[in-house]
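Visitor: Structure supplied as work-v9.tsv; contents: TSV, C-alpha atoms and all ligand atoms.
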chain	number	residue	atom	x	y	z
A	1235	MET	CA	0.00	0.00	0.00
A	1236	ALA	CA	1.50	3.38	-1.00
A	1237	ILE	CA	2.36	5.94	1.66
A	1238	GLU	CA	-0.09	8.88	1.53
A	1239	ALA	CA	0.77	10.70	4.78
A	1240	VAL	CA	3.72	11.22	7.10
A	1241	LEU	CA	3.27	11.51	10.87
A	1242	ILE	CA	6.25	13.35	12.32
A	1243	ASP	CA	7.66	13.65	15.83
A	1244	ILE	CA	8.94	17.11	16.75
A	1245	GLU	CA	11.52	16.83	19.53
A	1246	GLY	CA	14.20	14.48	18.18
A	1247	VAL	CA	13.07	14.55	14.55
A	1248	LEU	CA	12.30	18.15	13.49
A	1249	GLY	CA	14.24	19.72	16.36
A	1250	PRO	CA	16.97	18.76	18.84
A	1251	LEU	CA	16.26	16.57	21.89
A	1252	SER	CA	18.41	18.80	24.09
A	1253	PHE	CA	16.03	21.79	23.86
A	1254	LEU	CA	13.41	20.01	25.97
A	1255	ASP	CA	15.82	18.69	28.62
A	1256	GLU	CA	18.11	21.67	28.89
A	1257	THR	CA	15.76	24.61	28.31
A	1258	LEU	CA	12.01	23.93	28.27
A	1259	THR	CA	11.74	21.46	31.16
A	1260	PRO	CA	13.74	23.53	33.68
A	1261	TYR	CA	11.86	26.69	32.61
A	1262	ALA	CA	8.48	25.03	33.24
A	1263	SER	CA	9.58	23.35	36.51
A	1264	GLU	CA	10.71	26.64	38.01
A	1265	ARG	CA	7.48	28.44	37.11
A	1266	LEU	CA	4.83	25.76	37.58
A	1267	GLY	CA	3.77	26.77	41.12
A	1268	ALA	CA	3.55	30.50	40.38
A	1269	PHE	CA	1.77	29.88	37.06
A	1270	ILE	CA	-0.92	27.72	38.70
A	1271	ALA	CA	-1.37	30.23	41.53
A	1272	ALA	CA	-1.83	33.05	38.99
A	1273	HIS	CA	-4.06	31.25	36.47
A	1274	GLY	CA	-5.62	28.26	38.25
A	1275	GLU	CA	-8.83	30.04	39.16
A	1276	GLU	CA	-9.29	32.60	36.43
A	1277	ASP	CA	-8.26	30.95	33.19
A	1278	GLU	CA	-10.71	28.40	31.80
A	1279	GLU	CA	-8.13	26.27	29.98
A	1280	ILE	CA	-5.91	26.02	33.07
A	1281	GLU	CA	-8.88	25.36	35.37
A	1282	GLU	CA	-9.98	22.52	33.08
A	1283	ALA	CA	-6.45	21.10	32.97
A	1284	LEU	CA	-6.30	21.09	36.78
A	1285	ASP	CA	-9.73	19.43	37.00
A	1286	GLU	CA	-8.51	16.77	34.57
A	1287	ALA	CA	-5.34	16.26	36.64
A	1288	GLY	CA	-7.57	15.69	39.68
A	1289	ARG	CA	-9.72	13.21	37.72
A	1290	LEU	CA	-6.60	11.30	36.66
A	1291	MET	CA	-5.71	11.01	40.35
A	1292	GLY	CA	-9.07	9.40	41.10
A	1293	GLY	CA	-11.46	12.33	41.31
A	1294	PHE	CA	-9.70	14.70	43.71
A	1295	SER	CA	-10.21	18.44	43.71
A	1296	LEU	CA	-6.64	19.69	43.95
A	1297	LYS	CA	-5.56	22.83	45.80
A	1298	PRO	CA	-3.08	24.93	43.78
A	1299	ALA	CA	-0.08	23.76	45.85
A	1300	GLU	CA	-1.15	20.12	45.52
A	1301	ALA	CA	-1.62	20.52	41.77
A	1302	GLY	CA	1.84	22.09	41.42
A	1303	ALA	CA	3.43	19.24	43.38
A	1304	LEU	CA	1.57	16.62	41.33
A	1305	LEU	CA	2.60	18.13	37.98
A	1306	LEU	CA	6.22	18.41	39.12
A	1307	ARG	CA	6.14	14.76	40.17
A	1308	TRP	CA	4.77	13.76	36.76
A	1309	MET	CA	7.58	15.71	35.09
A	1310	LYS	CA	10.24	14.00	37.22
A	1311	GLN	CA	8.71	10.62	36.42
A	1312	GLY	CA	8.79	11.41	32.69
A	1313	ARG	CA	5.01	11.10	32.44
A	1314	LYS	CA	3.16	13.14	29.82
A	1315	PRO	CA	-0.55	13.39	30.69
A	1316	THR	CA	-2.50	15.97	28.70
A	1317	PRO	CA	-3.16	18.44	31.57
A	1318	LEU	CA	0.58	18.68	32.29
A	1319	LYS	CA	1.37	19.23	28.61
A	1320	ILE	CA	-1.35	21.93	28.31
A	1321	ILE	CA	0.05	23.83	31.29
A	1322	GLN	CA	3.67	23.43	30.15
A	1323	GLY	CA	2.70	24.79	26.73
A	1324	ARG	CA	1.16	27.90	28.31
A	1325	ILE	CA	4.24	28.48	30.50
A	1326	TRP	CA	6.51	28.11	27.46
A	1327	GLN	CA	4.31	30.57	25.57
A	1328	GLU	CA	5.20	33.18	28.21
A	1329	GLY	CA	8.89	32.27	27.89
A	1330	TYR	CA	8.90	32.64	24.10
A	1331	ALA	CA	7.00	35.94	24.38
A	1332	ALA	CA	9.50	37.25	26.94
A	1333	GLY	CA	12.42	36.27	24.70
A	1334	ALA	CA	13.74	33.85	27.36
A	1335	PHE	CA	14.68	31.32	24.65
A	1336	ARG	CA	14.22	30.40	21.00
A	1337	ALA	CA	13.70	26.95	19.55
A	1338	GLU	CA	15.75	25.37	16.81
A	1339	VAL	CA	14.67	23.25	13.87
A	1340	HIS	CA	17.16	20.98	12.13
A	1341	GLY	CA	18.34	22.30	8.75
A	1342	ASP	CA	16.92	19.32	6.84
A	1343	ALA	CA	13.38	19.75	8.23
A	1344	GLY	CA	12.03	22.57	6.03
A	1345	PRO	CA	13.44	21.28	2.69
A	1346	SER	CA	12.33	17.68	3.38
A	1347	LEU	CA	8.81	18.67	4.36
A	1348	ALA	CA	8.56	20.92	1.31
A	1349	ALA	CA	9.72	18.10	-1.00
A	1350	TRP	CA	7.23	15.60	0.46
A	1351	LYS	CA	4.43	18.15	0.27
A	1352	ALA	CA	5.28	18.80	-3.40
A	1353	GLN	CA	4.98	15.05	-3.99
A	1354	GLY	CA	1.39	15.24	-2.74
A	1355	LEU	CA	1.89	13.69	0.69
A	1356	ARG	CA	-0.13	14.93	3.64
A	1357	LEU	CA	2.02	15.94	6.60
A	1358	PHE	CA	1.11	15.81	10.29
A	1359	THR	CA	2.97	16.12	13.57
A	1360	PHE	CA	2.41	13.85	16.54
A	1361	SER	CA	4.10	15.14	19.67
A	1362	SER	CA	3.64	14.65	23.39
A	1363	SER	CA	3.64	18.43	23.65
A	1364	SER	CA	0.40	20.35	23.19
A	1365	GLU	CA	-0.60	21.70	19.79
A	1366	LEU	CA	0.21	25.18	21.09
A	1367	ALA	CA	3.71	24.11	22.22
A	1368	GLN	CA	4.36	22.46	18.84
A	1369	LYS	CA	3.40	25.59	16.91
A	1370	LEU	CA	5.46	27.80	19.23
A	1371	TRP	CA	8.51	25.56	18.74
A	1372	LEU	CA	8.27	25.73	14.95
A	1373	SER	CA	7.43	29.42	14.66
A	1374	SER	CA	10.03	30.56	17.19
A	1375	ALA	CA	12.66	28.70	15.16
A	1376	GLY	CA	11.64	30.75	12.12
A	1377	SER	CA	10.81	27.53	10.30
A	1378	ASP	CA	8.31	27.40	7.45
A	1379	ALA	CA	7.43	23.87	8.59
A	1380	GLU	CA	4.18	25.04	10.21
A	1381	SER	CA	2.75	26.22	6.91
A	1382	LEU	CA	3.55	22.86	5.28
A	1383	LEU	CA	1.73	20.80	7.89
A	1384	ASP	CA	-1.85	19.62	7.46
A	1385	GLY	CA	-2.46	19.09	11.17
A	1386	PHE	CA	-0.98	18.76	14.65
A	1387	PHE	CA	-1.76	15.77	16.86
A	1388	ASP	CA	-0.97	15.69	20.57
A	1389	THR	CA	-1.74	13.55	23.64
A	1390	ARG	CA	-5.47	14.19	23.23
A	1391	MET	CA	-5.20	11.31	20.73
A	1392	GLY	CA	-3.51	9.15	23.39
A	1393	GLN	CA	0.05	8.61	24.55
A	1394	LYS	CA	2.69	8.13	21.85
A	1395	VAL	CA	3.66	4.73	23.23
A	1396	GLU	CA	0.09	3.43	22.93
A	1397	GLU	CA	-1.11	1.55	19.85
A	1398	GLU	CA	-4.61	3.03	20.23
A	1399	ALA	CA	-3.32	6.58	19.65
A	1400	TYR	CA	-2.08	5.64	16.17
A	1401	LYS	CA	-5.33	3.88	15.28
A	1402	ALA	CA	-7.24	6.99	16.35
A	1403	ILE	CA	-4.98	9.22	14.24
A	1404	ALA	CA	-5.37	6.99	11.17
A	1405	GLN	CA	-9.12	7.18	11.57
A	1406	GLU	CA	-9.01	10.97	12.01
A	1407	ILE	CA	-6.82	11.38	8.90
A	1408	GLY	CA	-9.09	9.01	6.99
A	1409	LEU	CA	-6.38	6.65	5.74
A	1410	ALA	CA	-5.59	2.99	6.31
A	1411	PRO	CA	-2.80	2.63	8.92
A	1412	ALA	CA	-0.43	1.16	6.29
A	1413	GLN	CA	-0.74	4.37	4.24
A	1414	ILE	CA	0.85	6.40	7.04
A	1415	LEU	CA	4.60	6.56	7.70
A	1416	VAL	CA	5.65	7.44	11.26
A	1417	LEU	CA	8.98	9.19	11.84
A	1418	SER	CA	10.35	9.17	15.38
A	1419	GLU	CA	13.66	8.78	17.19
A	1420	ASN	CA	11.93	6.79	19.93
A	1421	VAL	CA	11.74	3.00	19.47
A	1422	ASP	CA	8.87	2.59	21.97
A	1423	GLU	CA	6.77	5.03	19.94
A	1424	LEU	CA	7.62	3.23	16.70
A	1425	ASP	CA	6.76	-0.13	18.29
A	1426	ALA	CA	3.30	1.20	19.20
A	1427	ALA	CA	2.80	2.63	15.71
A	1428	ALA	CA	3.89	-0.64	14.06
A	1429	SER	CA	1.52	-2.63	16.29
A	1430	ALA	CA	-1.28	-0.42	15.00
A	1431	GLY	CA	-0.25	-1.26	11.43
A	1432	LEU	CA	1.49	2.00	10.48
A	1433	ALA	CA	4.77	2.05	8.56
A	1434	THR	CA	7.73	3.18	10.68
A	1435	LEU	CA	11.14	4.74	10.16
A	1436	ARG	CA	13.53	5.69	12.94
A	1437	ILE	CA	15.36	8.99	12.61
A	1438	ALA	CA	18.64	8.09	14.27
A	1439	ARG	CA	20.42	11.45	14.36
A	1440	ALA	CA	22.51	10.31	17.32
A	1441	GLY	CA	22.71	6.66	16.27
A	1442	GLY	CA	21.52	4.10	18.81
A	1443	ASP	CA	19.47	0.92	18.55
A	1444	SER	CA	16.53	1.06	16.15
A	1445	GLY	CA	15.01	-2.25	17.22
A	1446	ARG	CA	12.96	-3.82	14.43
A	1447	HIS	CA	12.54	-0.53	12.55
A	1448	PRO	CA	14.44	0.68	9.50
A	1449	ALA	CA	16.52	3.76	10.26
A	1450	VAL	CA	18.12	6.75	8.56
A	1451	ALA	CA	20.51	9.35	9.98
A	1452	ASP	CA	18.46	12.38	8.95
A	1453	LEU	CA	15.42	13.54	7.00
A	1454	ALA	CA	17.43	14.32	3.86
A	1455	SER	CA	18.21	10.59	3.53
A	1456	ILE	CA	14.54	9.65	3.15
A	1457	ILE	CA	13.30	8.90	-0.34
A	1458	LEU	CA	9.54	8.47	-0.47
A	1459	PRO	CA	8.04	6.76	-3.50
B	1	LIG	C1	7.48	20.46	20.90
B	1	LIG	S1	7.57	21.15	22.51
B	1	LIG	C2	8.46	20.10	23.62
B	1	LIG	C3	8.40	18.63	23.44
B	1	LIG	C4	7.73	17.95	24.59
B	1	LIG	O1	7.13	18.60	25.44
B	1	LIG	C5	7.75	16.51	24.72
B	1	LIG	O2	7.18	15.98	25.66
B	1	LIG	C6	8.41	15.60	23.73
B	1	LIG	O3	7.92	15.83	22.51
B	1	LIG	P1	7.93	14.85	21.26
B	1	LIG	O4	7.79	15.80	20.10
B	1	LIG	O5	9.21	14.07	21.25
B	1	LIG	O6	6.75	13.95	21.44
B	2	MG	MG	10.50	12.80	20.05
Could you take the file, read its structure, and then write that structure out as structure tokens?

Guide:
Amino acid sequence: MAIEAVLIDIEGVLGPLSFLDETLTPYASERLGAFIAAHGEEDEEIEEALDEAGRLMGGFSLKPAEAGALLLRWMKQGRKPTPLKIIQGRIWQEGYAAGAFRAEVHGDAGPSLAAWKAQGLRLFTFSSSSELAQKLWLSSAGSDAESLLDGFFDTRMGQKVEEEAYKAIAQEIGLAPAQILVLSENVDELDAAASAGLATLRIARAGGDSGRHPAVADLASIILP
């Protein structure tokens, strides 16, 4: 079955892994408590995210300090539930606006996306970060990638290591799973995508084990039929 769409990871594929660990995560950790105190009771999106965090904990109504501690714990555990990613995205939005940092996109991202688009492929992201955080990353890097993308998927479709998320995305895009190629640096994500029947390709910019998936060193090395 011919590939009709490409589902692309951001951190690790379009941009460097280090930006999350070295810049975005510390920035959000340091501001989480103050951000929740300032917005937790007056901003609908943040209120809803905190309610959802409480539901995920079994139906608790969390006080701001409890919510801050819970989200920090999730971050330390490497968990990526949607309410955490929504709140992180809003904190990062303030950081980008204040000029605290700028994101980077790898040099091969724009030209590769443009070439695939010109071939008639549909292009989507799938990131653990919120749709807002994805768009901020790409636009702050001055990349034209955003304008080439047909849609942005995030954890509202499910976690990236869960097969069900990829089935839901295939249904949303309206293609058979085998018509979608997933690009990620993360083998667990590719395993989940392959279990759902999607085609997979590991982007191994830093090398490493690709498990059962084919791999290339960068986006420029991909030739799509
Ligand atoms: C694109 S903003 C920061 C990335 C992030 O928050 C994350 O959890 C990892 O993202 P990925 O694109 O690798 O799913
Ligand atoms: Mg990634």

Visitor: Chain A near ligand MG 2 (chain B) within 6 Å: what's each residue's closest atom pair and its distance in Å to one decimal, counting all atoms listed in the file, ordered by chain then ascending residue number, as JSON lines?

Guide:
{"residue": "A:Asp1243", "atom": "CA", "partner": "B:MG2", "partner_atom": "MG", "distance": 5.2}
{"residue": "A:Ile1244", "atom": "CA", "partner": "B:MG2", "partner_atom": "MG", "distance": 5.6}
{"residue": "A:Glu1245", "atom": "CA", "partner": "B:MG2", "partner_atom": "MG", "distance": 4.2}
{"residue": "A:Gly1246", "atom": "CA", "partner": "B:MG2", "partner_atom": "MG", "distance": 4.5}
{"residue": "A:Ser1418", "atom": "CA", "partner": "B:MG2", "partner_atom": "MG", "distance": 5.9}
{"residue": "A:Glu1419", "atom": "CA", "partner": "B:MG2", "partner_atom": "MG", "distance": 5.9}

Visitor: Give the answer as one residue: which of A:Glu1275, A:Glu1328, A:Glu1282, A:Glu1338 has the shortest atom-to-atom distance to Leu1251 of chain A, using only C-alpha atoms?

Guide: A:Glu1338

Visitor: Give one line per residue of chain A that approaches ligand LIG 1 (chain B) to at most 10 Å, naming the two atoms of the closest pair and their distance in Å to one decimal, counting all atoms listed in the file; sort by chain then ascending residue number and deliver it as CSV.

Guide:
residue,atom,partner,partner_atom,distance
A:Ile1242,CA,B:LIG1,O4,8.3
A:Asp1243,CA,B:LIG1,O4,4.8
A:Ile1244,CA,B:LIG1,O4,3.8
A:Glu1245,CA,B:LIG1,O4,3.9
A:Gly1246,CA,B:LIG1,O5,5.9
A:Val1247,CA,B:LIG1,O5,7.7
A:Leu1248,CA,B:LIG1,O4,8.3
A:Gly1249,CA,B:LIG1,C1,8.2
A:Pro1250,CA,B:LIG1,O5,9.4
A:Leu1251,CA,B:LIG1,O5,7.5
A:Phe1253,CA,B:LIG1,C2,7.8
A:Leu1254,CA,B:LIG1,C2,5.5
A:Asp1255,CA,B:LIG1,C2,9.0
A:Thr1257,CA,B:LIG1,C2,9.8
A:Leu1258,CA,B:LIG1,C2,7.0
A:Thr1259,CA,B:LIG1,O1,7.9
A:Met1309,CA,B:LIG1,O2,9.4
A:Gly1312,CA,B:LIG1,O2,8.5
A:Arg1313,CA,B:LIG1,O2,8.6
A:Lys1314,CA,B:LIG1,O2,6.4
A:Pro1315,CA,B:LIG1,O2,9.6
A:Leu1318,CA,B:LIG1,O1,9.5
A:Lys1319,CA,B:LIG1,O1,6.6
A:Ile1320,CA,B:LIG1,O1,9.6
A:Gln1322,CA,B:LIG1,O1,7.6
A:Gly1323,CA,B:LIG1,S1,7.4
A:Trp1326,CA,B:LIG1,S1,8.6
A:Ala1337,CA,B:LIG1,S1,8.9
A:Thr1359,CA,B:LIG1,O4,8.1
A:Phe1360,CA,B:LIG1,O6,6.5
A:Ser1361,CA,B:LIG1,O6,3.4
A:Ser1362,CA,B:LIG1,O6,3.7
A:Ser1363,CA,B:LIG1,O1,3.9
A:Ser1364,CA,B:LIG1,S1,7.2
A:Glu1365,CA,B:LIG1,C1,8.2
A:Leu1366,CA,B:LIG1,S1,8.5
A:Ala1367,CA,B:LIG1,S1,4.9
A:Gln1368,CA,B:LIG1,C1,4.2
A:Lys1369,CA,B:LIG1,C1,7.7
A:Leu1370,CA,B:LIG1,S1,7.7
A:Trp1371,CA,B:LIG1,C1,5.6
A:Leu1372,CA,B:LIG1,C1,8.0
A:Phe1387,CA,B:LIG1,O6,9.8
A:Asp1388,CA,B:LIG1,O6,8.0
A:Thr1389,CA,B:LIG1,O6,8.8
A:Gln1393,CA,B:LIG1,O6,9.1
A:Lys1394,CA,B:LIG1,O6,7.1
A:Val1395,CA,B:LIG1,O6,9.9
A:Ser1418,CA,B:LIG1,O5,7.7
A:Glu1419,CA,B:LIG1,O5,8.0
A:Asn1420,CA,B:LIG1,O5,7.9
A:Glu1423,CA,B:LIG1,O6,9.0

Visitor: For Trp1350 of chain A, list every protein, DNA or RNA residue within 9 Å, evaluated using only C-alpha atoms, and leave out those in the same chain fewer than 5 positions away; present the list as a PyMOL selection string.

Guide: chain A and resi 1240+1345+1355-1357+1458

Visitor: For the atom pair atom CA of Glu1396 of chain A and atom CA of Leu1266 of chain A, what is the interatomic distance in Å to one decimal place?

Guide: 27.1 Å

Visitor: Counting all atoms listed in the file, which of A:Ile1237, A:Ala1332, A:Ala1303, A:Ala1283 gets nearest to Gly1267 of chain A?

Guide: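 Between A:Ile1237, A:Ala1332, A:Ala1303, A:Ala1283, the residue approaching Gly1267 of chain A most closely is A:Ala1303.
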
Visitor: Quick one: of A:Leu1290, A:Leu1432, A:Ala1331, A:Ala1399, who's nearest to Ser1373 of chain A, counting all atoms listed in the file?

Guide: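 Closest to Ser1373 of chain A, using all atoms listed in the file: A:Ala1331.
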
Visitor: With distances taken over all atoms listed in the file, which of A:Met1235, A:Ser1263, A:Ser1252, A:Gly1329 is nearest to Arg1307 of chain A?

Guide: A:Ser1263

Visitor: Between A:Val1450, A:Ala1343, A:Ala1426, A:Ala1433, which residue has the minimum interatomic distance to Glu1398 of chain A, considering all atoms listed in the file?

Guide: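 With all atoms listed in the file as the atom set, the closest residue is A:Ala1426.
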
Visitor: Counting all atoms listed in the file, write as a list of chain:residue names all protein and nucleic acid residues lying at most 6 Å from (7.3, 2.9, 15.1) in the file's frame.

Guide: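 Using all atoms listed in the file, the matching residues come out as A:Glu1423, A:Leu1424, A:Asp1425, A:Ala1426, A:Ala1427, A:Ala1428, A:Thr1434.
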
Visitor: Just the selected residues (C-alpha atoms), exported as a compact mmCIF listing (two decimals), in the coordinates of the input, please.

Guide:
# COMPACT_ATOMS: atom_id res chain seq x y z
CA GLU A 1423 6.77 5.03 19.94
CA LEU A 1424 7.62 3.23 16.70
CA ASP A 1425 6.76 -0.13 18.29
CA ALA A 1426 3.30 1.20 19.20
CA ALA A 1427 2.80 2.63 15.71
CA ALA A 1428 3.89 -0.64 14.06
CA THR A 1434 7.73 3.18 10.68

Visitor: Tell me which protein, DNA and RNA residues are within 8 Å of Ala1438 of chain A, counting only C-alpha atoms, leaving out same-chain ones fewer than 4 positions away, and put them as an mmCIF file with C-alpha atoms, keeping the file's coordinate frame.

Guide:
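Printed below is around_5.cif as written:
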data_model
loop_
_atom_site.group_PDB
_atom_site.id
_atom_site.type_symbol
_atom_site.label_atom_id
_atom_site.label_comp_id
_atom_site.auth_asym_id
_atom_site.auth_seq_id
_atom_site.Cartn_x
_atom_site.Cartn_y
_atom_site.Cartn_z
ATOM 1 C CA GLU A 1419 13.660 8.780 17.190
ATOM 2 C CA GLY A 1442 21.520 4.100 18.810
ATOM 3 C CA SER A 1444 16.530 1.060 16.150
ATOM 4 C CA ALA A 1449 16.520 3.760 10.260
ATOM 5 C CA VAL A 1450 18.120 6.750 8.560
ATOM 6 C CA ALA A 1451 20.510 9.350 9.980
ATOM 7 C CA ASP A 1452 18.460 12.380 8.950
#

Visitor: Set the distance at 12 Å and use all atoms listed in the file: which residues neighbour Glu1300 of chain A once local chain neighbours fewer than 5 positions away are removed? I'd like the list as a PyMOL selection string.

Guide: chain A and resi 1266-1267+1270-1271+1274+1284+1287-1288+1291+1294-1295+1305-1307

Visitor: Can you measure atom CA of Pro1260 of chain A to atom CA of Gln1327 of chain A for me? One decimal in Å is fine.

Guide: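 Taking atom CA of Pro1260 of chain A as the start and atom CA of Gln1327 of chain A as the end point, the length is 14.3 Å.
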
Visitor: Atom CA of Glu1286 of chain A to atom CA of Pro1317 of chain A: how many Å, to one decimal?

Guide: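 Between these atoms lies a distance of 6.4 Å.
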
Visitor: May I ask which of the residues A:Thr1316, A:Phe1358, A:Ile1321, A:His1447 is the closest one to Ile1414 of chain A, counting all atoms listed in the file?

Guide: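 Answer, going by the shortest atom-to-atom distance: A:Phe1358.
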
Visitor: Do you know which residues are at most 9 Å from Leu1347 of chain A counting all atoms listed in the file, after dropping those on the same chain fewer than 6 positions away, and could you put them as a list in words?

Guide: Leu1357, Ala1379, Leu1382, Leu1383 and Leu1453 of chain A

Visitor: Take every atom of segment 1450-1456 of chain A listed in the file, fit an axis-aligned box around them, add 6 Å per side, and give the centre and edge lengths in Å to one decimal as lines of an AutoDock Vina configuration file.

Guide:
center_x = 17.5
center_y = 10.5
center_z = 6.6
size_x = 18.0
size_y = 19.6
size_z = 18.8
